[in-house]
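So this one's model.tsv, TSV, C-alpha atoms:
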```tsv
chain	number	residue	atom	x	y	z
B	1	MET	CA	117.89	57.63	-21.90
B	2	LYS	CA	119.33	54.91	-19.71
B	3	ILE	CA	118.72	55.70	-16.06
B	4	VAL	CA	119.78	54.32	-12.69
B	5	LEU	CA	117.55	55.22	-9.76
B	6	VAL	CA	119.43	55.58	-6.50
B	7	GLY	CA	116.70	55.37	-3.90
B	8	ALA	CA	113.31	53.68	-3.84
B	9	GLY	CA	111.14	56.01	-1.79
B	10	ASN	CA	108.05	58.05	-2.62
B	11	LEU	CA	109.66	60.38	-5.16
B	12	ALA	CA	111.83	57.72	-6.82
B	13	THR	CA	108.78	55.49	-7.21
B	14	ASN	CA	106.65	58.16	-8.90
B	15	LEU	CA	109.51	59.51	-11.02
B	16	GLY	CA	110.61	56.04	-12.07
B	17	LYS	CA	107.10	55.18	-13.26
B	18	ALA	CA	106.81	58.47	-15.17
B	19	LEU	CA	110.19	58.00	-16.87
B	20	LYS	CA	109.44	54.44	-17.88
B	21	ARG	CA	106.00	55.40	-19.16
B	22	VAL	CA	107.49	57.83	-21.71
B	23	GLY	CA	110.06	55.36	-22.96
B	24	HIS	CA	113.20	55.82	-20.87
B	25	GLU	CA	115.04	52.66	-19.85
B	26	ILE	CA	115.40	52.15	-16.11
B	27	VAL	CA	118.63	50.18	-16.06
B	28	GLN	CA	118.70	49.49	-12.33
B	29	VAL	CA	117.35	50.44	-8.91
B	30	TRP	CA	119.60	50.83	-5.88
B	31	SER	CA	118.29	51.05	-2.35
B	32	ARG	CA	119.76	50.56	1.10
B	33	THR	CA	117.39	47.67	1.83
B	34	GLU	CA	116.72	44.59	-0.26
B	35	GLU	CA	112.97	44.83	0.24
B	36	SER	CA	112.56	48.37	-1.08
B	37	ALA	CA	115.02	47.86	-3.95
B	38	ALA	CA	113.32	44.64	-5.07
B	39	SER	CA	109.83	46.13	-4.72
B	40	LEU	CA	110.48	49.12	-7.00
B	41	ALA	CA	112.56	47.06	-9.43
B	42	GLU	CA	109.64	44.68	-9.83
B	43	VAL	CA	107.32	47.57	-10.68
B	44	LEU	CA	109.83	48.99	-13.18
B	45	GLN	CA	110.85	45.56	-14.50
B	46	CYS	CA	114.57	46.04	-14.03
B	47	PRO	CA	117.44	44.63	-11.93
B	48	HIS	CA	118.23	45.96	-8.47
B	49	THR	CA	121.12	46.06	-6.03
B	50	VAL	CA	121.90	47.12	-2.47
B	51	ALA	CA	125.63	47.54	-3.10
B	52	LEU	CA	126.97	50.82	-4.51
B	53	ALA	CA	129.94	48.93	-5.96
B	54	ASP	CA	127.49	46.96	-8.11
B	55	VAL	CA	125.65	49.95	-9.55
B	56	ALA	CA	125.52	49.67	-13.34
B	57	ASP	CA	128.08	51.73	-15.23
B	58	GLU	CA	126.28	52.15	-18.56
B	59	ALA	CA	123.59	54.68	-17.57
B	60	ASP	CA	123.26	58.14	-19.11
B	61	VAL	CA	122.16	59.64	-15.79
B	62	TYR	CA	122.10	58.59	-12.14
B	63	ILE	CA	119.15	60.04	-10.23
B	64	VAL	CA	119.68	60.15	-6.47
B	65	SER	CA	116.40	60.39	-4.52
B	66	VAL	CA	117.20	59.82	-0.86
B	67	LYS	CA	116.96	61.64	2.46
B	68	ASP	CA	119.00	64.85	2.59
B	69	THR	CA	121.18	63.41	5.36
B	70	ALA	CA	122.23	60.50	3.15
B	71	LEU	CA	122.61	62.43	-0.10
B	72	GLN	CA	126.23	63.54	0.09
B	73	SER	CA	127.70	60.20	1.15
B	74	LEU	CA	125.79	58.36	-1.58
B	75	ALA	CA	126.81	60.90	-4.20
B	76	GLU	CA	130.43	60.54	-3.12
B	77	GLY	CA	130.16	56.76	-3.41
B	78	LEU	CA	128.67	56.98	-6.89
B	79	ALA	CA	131.24	59.49	-8.11
B	80	ASP	CA	134.29	57.78	-6.61
B	81	GLY	CA	136.27	56.29	-9.47
B	82	HIS	CA	133.61	57.28	-12.02
B	83	PRO	CA	134.33	60.87	-13.15
B	84	ASP	CA	132.15	60.55	-16.28
B	85	ARG	CA	128.94	59.66	-14.48
B	86	PHE	CA	126.23	62.32	-14.74
B	87	ILE	CA	124.85	62.34	-11.21
B	88	ILE	CA	121.84	64.43	-10.23
B	89	HIS	CA	119.72	64.71	-7.11
B	90	THR	CA	116.05	65.55	-6.60
B	91	ALA	CA	116.18	67.49	-3.32
B	92	GLY	CA	114.64	70.94	-3.19
B	93	SER	CA	116.66	72.16	-0.21
B	94	MET	CA	120.11	70.82	-1.11
B	95	PRO	CA	122.64	72.63	-3.35
B	96	MET	CA	123.91	71.11	-6.57
B	97	ASN	CA	127.51	71.06	-5.34
B	98	VAL	CA	126.67	68.46	-2.69
B	99	ILE	CA	127.52	66.09	-5.55
B	100	PRO	CA	131.35	65.96	-5.82
B	101	SER	CA	131.53	65.65	-9.60
B	102	LYS	CA	132.15	67.84	-12.63
B	103	ARG	CA	129.00	66.27	-14.09
B	104	CYS	CA	126.36	67.10	-11.52
B	105	GLY	CA	122.85	68.46	-11.62
B	106	VAL	CA	119.45	68.77	-9.99
B	107	LEU	CA	115.98	67.70	-11.08
B	108	TYR	CA	113.52	68.88	-8.44
B	109	PRO	CA	109.88	67.93	-9.09
B	110	MET	CA	107.93	70.22	-6.76
B	111	GLN	CA	105.14	68.02	-5.48
B	112	THR	CA	104.20	65.93	-2.47
B	113	PHE	CA	104.60	62.23	-3.26
B	114	SER	CA	103.29	58.99	-1.79
B	115	LYS	CA	103.91	55.47	-3.08
B	116	GLN	CA	100.22	54.66	-2.63
B	117	ARG	CA	99.01	57.54	-4.81
B	118	GLU	CA	100.29	57.98	-8.34
B	119	VAL	CA	100.39	61.58	-9.56
B	120	HIS	CA	99.95	63.04	-13.04
B	121	PHE	CA	103.56	64.01	-13.65
B	122	ARG	CA	102.91	66.22	-16.68
B	123	ASP	CA	101.34	68.85	-14.40
B	124	ILE	CA	104.24	68.91	-11.93
B	125	PRO	CA	106.65	71.86	-12.16
B	126	CYS	CA	110.22	70.57	-12.48
B	127	PHE	CA	113.22	72.75	-11.67
B	128	VAL	CA	116.59	71.86	-13.15
B	129	GLU	CA	120.20	72.90	-12.80
B	130	ALA	CA	123.46	71.45	-14.12
B	131	LEU	CA	127.11	72.43	-13.93
B	132	GLN	CA	127.91	71.84	-17.61
B	133	ASP	CA	125.96	73.21	-20.57
B	134	ASN	CA	125.65	69.86	-22.35
B	135	ASP	CA	124.37	68.22	-19.19
B	136	ARG	CA	121.92	71.07	-18.66
B	137	GLN	CA	120.44	70.57	-22.12
B	138	MET	CA	120.24	66.84	-21.53
B	139	LEU	CA	118.53	67.37	-18.18
B	140	MET	CA	116.06	69.85	-19.67
B	141	GLN	CA	115.12	67.24	-22.28
B	142	LEU	CA	114.74	64.57	-19.61
B	143	ALA	CA	112.50	66.79	-17.49
B	144	ALA	CA	110.45	67.90	-20.51
B	145	SER	CA	109.78	64.26	-21.40
B	146	VAL	CA	107.72	63.84	-18.21
B	147	SER	CA	106.57	67.40	-17.39
B	148	ASP	CA	105.04	70.29	-19.33
B	149	LYS	CA	106.40	72.80	-16.79
B	150	VAL	CA	110.20	72.85	-16.75
B	151	TYR	CA	112.24	75.72	-15.37
B	152	GLU	CA	115.92	76.42	-14.82
B	153	LEU	CA	116.65	77.55	-11.27
B	154	SER	CA	119.87	78.01	-9.32
B	155	SER	CA	120.61	76.30	-6.01
B	156	GLU	CA	120.39	79.66	-4.24
B	157	ASN	CA	116.90	80.43	-5.54
B	158	ARG	CA	115.73	76.83	-5.16
B	159	LYS	CA	116.21	77.15	-1.39
B	160	TYR	CA	113.47	79.77	-1.34
B	161	LEU	CA	111.29	77.73	-3.67
B	162	HIS	CA	111.51	74.83	-1.23
B	163	LEU	CA	110.76	77.15	1.70
B	164	ALA	CA	107.66	78.42	-0.12
B	165	ALA	CA	106.60	74.82	-0.78
B	166	VAL	CA	106.87	74.00	2.93
B	167	PHE	CA	104.48	76.86	3.73
B	168	CYS	CA	102.06	75.99	0.93
B	169	CYS	CA	102.02	72.24	1.50
B	170	ASN	CA	103.43	71.02	4.82
B	171	PHE	CA	102.27	73.88	7.02
B	172	ALA	CA	98.88	74.03	5.31
B	173	ASN	CA	98.47	70.28	5.88
B	174	ARG	CA	99.35	70.77	9.56
B	175	CYS	CA	96.43	73.19	9.75
B	176	PHE	CA	94.22	70.51	8.19
B	177	ALA	CA	95.37	68.08	10.90
B	178	ILE	CA	94.51	70.60	13.62
B	179	GLY	CA	91.08	71.03	12.09
B	180	GLU	CA	90.58	67.27	11.95
B	181	GLU	CA	91.51	66.94	15.61
B	182	LEU	CA	89.07	69.68	16.64
B	183	LEU	CA	86.26	67.99	14.70
B	184	ARG	CA	87.04	64.58	16.17
B	185	GLU	CA	87.15	65.83	19.75
B	186	HIS	CA	84.02	67.99	19.51
B	187	GLY	CA	81.16	66.06	17.97
B	188	GLY	CA	83.01	63.44	15.97
B	189	VAL	CA	82.35	65.27	12.71
B	190	PRO	CA	84.23	63.58	9.80
B	191	PHE	CA	87.05	65.58	8.23
B	192	SER	CA	85.42	65.01	4.82
B	193	VAL	CA	83.03	67.90	5.56
B	194	MET	CA	86.02	70.21	5.14
B	195	LEU	CA	86.97	68.97	1.68
B	196	PRO	CA	84.55	71.18	-0.33
B	197	LEU	CA	85.93	74.19	1.58
B	198	ILE	CA	89.54	73.14	0.98
B	199	ASP	CA	88.86	72.39	-2.69
B	200	GLU	CA	87.19	75.76	-3.31
B	201	THR	CA	90.04	77.58	-1.54
B	202	ALA	CA	92.52	75.86	-3.86
B	203	ARG	CA	90.40	76.48	-6.95
B	204	LYS	CA	90.21	80.21	-6.22
B	205	LEU	CA	94.00	80.41	-6.40
B	206	HIS	CA	93.86	79.58	-10.11
B	207	THR	CA	92.31	83.00	-10.76
B	208	LEU	CA	93.10	85.07	-7.65
B	209	SER	CA	96.29	85.85	-5.77
B	210	PRO	CA	96.50	84.43	-2.22
B	211	GLN	CA	95.97	87.94	-0.81
B	212	GLU	CA	92.86	88.44	-2.94
B	213	ALA	CA	91.49	85.02	-2.01
B	214	GLN	CA	91.94	85.47	1.74
B	215	THR	CA	88.73	85.53	3.78
B	216	GLY	CA	87.78	85.01	7.43
B	217	PRO	CA	87.66	86.88	10.73
B	218	ALA	CA	91.35	87.87	10.65
B	219	VAL	CA	90.91	89.78	7.36
B	220	ARG	CA	87.98	91.68	8.87
B	221	TRP	CA	89.84	91.83	12.19
B	222	ASP	CA	86.65	90.67	13.87
B	223	THR	CA	88.00	90.56	17.42
B	224	ASN	CA	84.68	89.29	18.75
B	225	VAL	CA	85.09	86.05	16.76
B	226	ILE	CA	88.87	85.88	17.21
B	227	ASP	CA	88.66	86.22	20.99
B	228	LYS	CA	85.99	83.50	21.17
B	229	HIS	CA	88.17	81.16	19.11
B	230	LEU	CA	91.19	81.87	21.31
B	231	ALA	CA	89.11	81.07	24.39
B	232	LEU	CA	88.05	77.74	22.88
B	233	LEU	CA	91.74	76.90	22.43
B	234	SER	CA	92.73	77.72	26.01
B	235	SER	CA	93.44	74.05	26.75
B	236	ALA	CA	95.78	73.80	23.75
B	237	PRO	CA	98.20	76.73	24.12
B	238	ASP	CA	100.42	75.63	21.21
B	239	VAL	CA	97.45	75.65	18.80
B	240	GLN	CA	96.17	78.85	20.39
B	241	ASP	CA	99.54	80.45	19.65
B	242	ILE	CA	99.38	79.29	16.01
B	243	TYR	CA	95.88	80.75	15.66
B	244	GLU	CA	96.89	84.07	17.19
B	245	ARG	CA	100.08	84.44	15.13
B	246	LEU	CA	98.38	83.47	11.87
B	247	SER	CA	95.49	85.86	12.52
B	248	LYS	CA	97.86	88.74	13.12
B	249	SER	CA	99.89	87.81	10.04
B	250	ILE	CA	96.74	87.73	7.88
B	251	HIS	CA	95.60	91.10	9.21
B	252	ASP	CA	99.03	92.72	8.81
B	253	ASP	CA	99.28	91.38	5.27
B	254	LYS	CA	95.86	92.82	4.43
B	255	LEU	CA	97.00	96.24	5.64
B	256	ARG	CA	100.17	96.03	3.53
B	257	PHE	CA	98.19	94.84	0.51
B	258	GLU	CA	95.74	97.75	0.81
B	259	LYS	CA	98.58	100.23	1.24
B	260	ASP	CA	100.31	98.97	-1.91
```

Kindly return the structure encoded in the file as structure tokens.
Amino acid sequence: MKIVLVGAGNLATNLGKALKRVGHEIVQVWSRTEESAASLAEVLQCPHTVALADVADEADVYIVSVKDTALQSLAEGLADGHPDRFIIHTAGSMPMNVIPSKRCGVLYPMQTFSKQREVHFRDIPCFVEALQDNDRQMLMQLAASVSDKVYELSSENRKYLHLAAVFCCNFANRCFAIGEELLREHGGVPFSVMLPLIDETARKLHTLSPQEAQTGPAVRWDTNVIDKHLALLSSAPDVQDIYERLSKSIHDDKLRFEKD
């Protein structure tokens, strides 16, 4: 397929590379800044532009990968005067109808992306939606060309998928950052000592449910340990509050799990 990438950030960079690798033609890259547009276009060996009016008109699909706050205005600009353009976005938390076109859709690759780290796209779950049946089939084929895990999901249900991803990725990573800070401030222990623990926790989830894999003082409701930890966090009340709320949530979930 012929593709225009609208955006040149972390997701667009990884998706563009994956699409090109399997034989799709990246016709053009658009970005708000010359530097980012030119940088990704060089990687993908295609032209670039910073003007929406100059976006190529011969693409099969226009993939918009930008900040949520900029998505609607860019989609409107792409659709204005071009009713036949198939315009899709890649945002997990935004509805499909943010694109004002009869030919609209969503391709949401559920993963955390960085320009500096290329991911293995075939393992990434991709969730798709399209307004028209023909476009849905086309989008399913496009997603299947780069991923082995393609699912159809409505905008309404995708909101909860994105919420779950925030808990599993962003909030979990915040806990890693708190751990790193504690290690740095108390003995200067490198965060790398935590990686075997983190890796094993993640590996367990391939065979166990999160409830079954849960361990620690909160599961046992070991108040002796919990109270000592809370005391250690007395100088950081925000982190202390996180610890206390998470511990209670883990314990309450264990009780519900056992009851069920």

Give me the residues of region 71-138 of chain B that have any atom at most 9 Å from an atom of region 149-158 of chain B; for each, the nearest atom pair and the distance in Å, rounded to one decimal. Use all atoms listed in the file, sort by chain and number, and format it as a Markdown table.
```
| residue | atom | partner | partner_atom | distance |
| --- | --- | --- | --- | --- |
| B:Gly92 | CA | B:Arg158 | CA | 6.3 |
| B:Ser93 | CA | B:Arg158 | CA | 6.9 |
| B:Met94 | CA | B:Ser155 | CA | 7.4 |
| B:Pro95 | CA | B:Ser155 | CA | 5.0 |
| B:Met96 | CA | B:Ser155 | CA | 6.2 |
| B:Asn97 | CA | B:Ser155 | CA | 8.7 |
| B:Val106 | CA | B:Ser155 | CA | 8.6 |
| B:Tyr108 | CA | B:Arg158 | CA | 8.9 |
| B:Arg122 | CA | B:Lys149 | CA | 7.4 |
| B:Asp123 | CA | B:Lys149 | CA | 6.8 |
| B:Ile124 | CA | B:Lys149 | CA | 6.6 |
| B:Pro125 | CA | B:Lys149 | CA | 4.7 |
| B:Cys126 | CA | B:Val150 | CA | 4.8 |
| B:Phe127 | CA | B:Tyr151 | CA | 4.8 |
| B:Val128 | CA | B:Glu152 | CA | 4.9 |
| B:Glu129 | CA | B:Glu152 | CA | 5.9 |
| B:Ala130 | CA | B:Ser154 | CA | 8.9 |
| B:Arg136 | CA | B:Glu152 | CA | 8.9 |
```

Given all atoms listed in the file, how would the per-residue table for region 111-190 of chain B near region 12-30 of chain B read, listing every residue at most 12 Å away with its closest atom pair and distance in Å to one decimal, sorted by chain and number, as a tab-separated table?
```
residue	atom	partner	partner_atom	distance
B:Gln111	CA	B:Asn14	CA	10.5
B:Thr112	CA	B:Asn14	CA	10.4
B:Phe113	CA	B:Asn14	CA	7.3
B:Ser114	CA	B:Asn14	CA	7.9
B:Lys115	CA	B:Thr13	CA	6.4
B:Gln116	CA	B:Asn14	CA	9.6
B:Arg117	CA	B:Asn14	CA	8.7
B:Glu118	CA	B:Asn14	CA	6.4
B:Val119	CA	B:Asn14	CA	7.2
B:His120	CA	B:Ala18	CA	8.5
B:Phe121	CA	B:Ala18	CA	6.6
B:Arg122	CA	B:Ala18	CA	8.8
B:Asp123	CA	B:Ala18	CA	11.8
B:Ile124	CA	B:Leu15	CA	10.8
B:Cys126	CA	B:Leu15	CA	11.2
B:Gln141	CA	B:His24	CA	11.7
B:Leu142	CA	B:Leu19	CA	8.4
B:Ala143	CA	B:Leu19	CA	9.1
B:Ala144	CA	B:Leu19	CA	10.6
B:Ser145	CA	B:Val22	CA	6.8
B:Val146	CA	B:Ala18	CA	6.2
B:Ser147	CA	B:Ala18	CA	9.2
```

Give the answer as one residue: which of B:Cys104, B:Leu44, B:Ala91, B:Ala8 has the shortest atom-to-atom distance to Leu78 (chain B), using only C-alpha atoms?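 Among the listed residues, B:Cys104 lies closest to Leu78 (chain B).
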
Which residues are close to Pro210 (chain B), i.e. within 12 Å by all atoms listed in the file, leaving aside same-chain residues fewer than 6 positions away? Reply as a list in words.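 My list of contacting residues is Cys168, Thr201, Ala202, Arg203, Lys204, Ile250, Asp253, Lys254 and Phe257 of chain B.
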
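With all atoms listed in the file as the atoms that count, the residue of B:Glu180, B:Tyr62, B:Ser36, B:Glu42 with the shortest distance to Lys2 (chain B) is B:Tyr62.
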
Enter the distance from CA of Arg32 (chain B) to CA of Ala51 (chain B), in Å, rounded to one decimal. 7.8 Å

Residue among B:Cys46, B:Val4, B:Val239, B:Ala79 lying closest to Glu181 (chain B), counting all atoms listed in the file: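 The answer is B:Val239, which sits nearest to Glu181 (chain B).
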
Between CA of Gln132 (chain B) and CA of Asp54 (chain B), measure the distance and give it in Å to one decimal. 26.6 Å

Considering only C-alpha atoms, can you say which of B:Gln72, B:Gly81, B:Gln137, B:Gly9 comes closest to Ala37 (chain B)? B:Gly9

CA of Val98 (chain B) to CA of Glu76 (chain B): how many Å, to one decimal?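 Interatomic distance, CA of Val98 (chain B) to CA of Glu76 (chain B): 8.8 Å.
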
I'd like the contact shell of Val61 (chain B) - 6 Å cut-off, only C-alpha atoms, skipping same-chain residues fewer than 6 positions apart - returned as JSON, numbers by chain. {"B": [3, 86, 87]}

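Near Ile63 (chain B), within 6 Å and counting only C-alpha atoms, sit Leu5, Val6, Ile88 and His89 of chain B, not including residues fewer than 4 positions from it in the same chain.
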
Let me make sure I understand: among B:Met138, B:Leu11, B:Cys169, B:Ala75, which one has the smallest atom-to-atom distance to Pro109 (chain B) if we use all atoms listed in the file? B:Leu11

Name the closest residue to Arg174 (chain B) among the candidates B:Ile242, B:Pro217, B:His82, B:Leu197; distances are taken between atoms, counting only C-alpha atoms.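 The answer is B:Ile242, which sits nearest to Arg174 (chain B).
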
Can you pull out every residue within 10 Å of Asp84 (chain B), counting only C-alpha atoms, but drop anything in the same chain fewer than 6 positions away, and send it as a ChimeraX atom specification? /B:57,60,101-104

Atoms are missing here; could region 216-234 of chain B be completed with N, CA and C atoms and written as a compact mmCIF listing (two decimals), keeping the file's coordinate frame?
```
# COMPACT_ATOMS: atom_id res chain seq x y z
N GLY B 216 87.79 85.43 6.03
CA GLY B 216 87.78 85.01 7.43
C GLY B 216 87.85 86.16 8.42
N PRO B 217 87.72 85.83 9.70
CA PRO B 217 87.66 86.88 10.73
C PRO B 217 88.94 87.70 10.85
N ALA B 218 90.11 87.12 10.53
CA ALA B 218 91.35 87.87 10.65
C ALA B 218 91.44 88.99 9.61
N VAL B 219 90.91 88.74 8.40
CA VAL B 219 90.91 89.78 7.36
C VAL B 219 90.05 90.95 7.82
N ARG B 220 88.90 90.63 8.39
CA ARG B 220 87.98 91.68 8.87
C ARG B 220 88.44 92.25 10.22
N TRP B 221 89.39 91.57 10.82
CA TRP B 221 89.84 91.83 12.19
C TRP B 221 88.64 91.90 13.13
N ASP B 222 87.85 90.82 13.04
CA ASP B 222 86.65 90.67 13.87
C ASP B 222 87.09 90.10 15.21
N THR B 223 87.45 91.00 16.13
CA THR B 223 88.00 90.56 17.42
C THR B 223 86.98 89.80 18.26
N ASN B 224 85.71 90.03 18.02
CA ASN B 224 84.68 89.29 18.75
C ASN B 224 84.81 87.79 18.45
N VAL B 225 84.94 87.45 17.16
CA VAL B 225 85.09 86.05 16.76
C VAL B 225 86.47 85.52 17.16
N ILE B 226 87.50 86.32 16.91
CA ILE B 226 88.87 85.88 17.21
C ILE B 226 89.03 85.57 18.69
N ASP B 227 88.53 86.44 19.54
CA ASP B 227 88.66 86.22 20.99
C ASP B 227 87.90 84.97 21.43
N LYS B 228 86.75 84.72 20.83
CA LYS B 228 85.99 83.50 21.17
C LYS B 228 86.77 82.26 20.75
N HIS B 229 87.37 82.30 19.58
CA HIS B 229 88.17 81.16 19.11
C HIS B 229 89.37 80.93 20.02
N LEU B 230 90.03 82.00 20.42
CA LEU B 230 91.19 81.87 21.31
C LEU B 230 90.77 81.27 22.65
N ALA B 231 89.60 81.63 23.13
CA ALA B 231 89.11 81.07 24.39
C ALA B 231 88.84 79.57 24.25
N LEU B 232 88.32 79.17 23.11
CA LEU B 232 88.05 77.74 22.88
C LEU B 232 89.34 76.93 22.85
N LEU B 233 90.45 77.58 22.54
CA LEU B 233 91.74 76.90 22.43
C LEU B 233 92.58 77.04 23.69
N SER B 234 91.97 77.47 24.78
CA SER B 234 92.73 77.72 26.01
C SER B 234 93.40 76.47 26.55
```
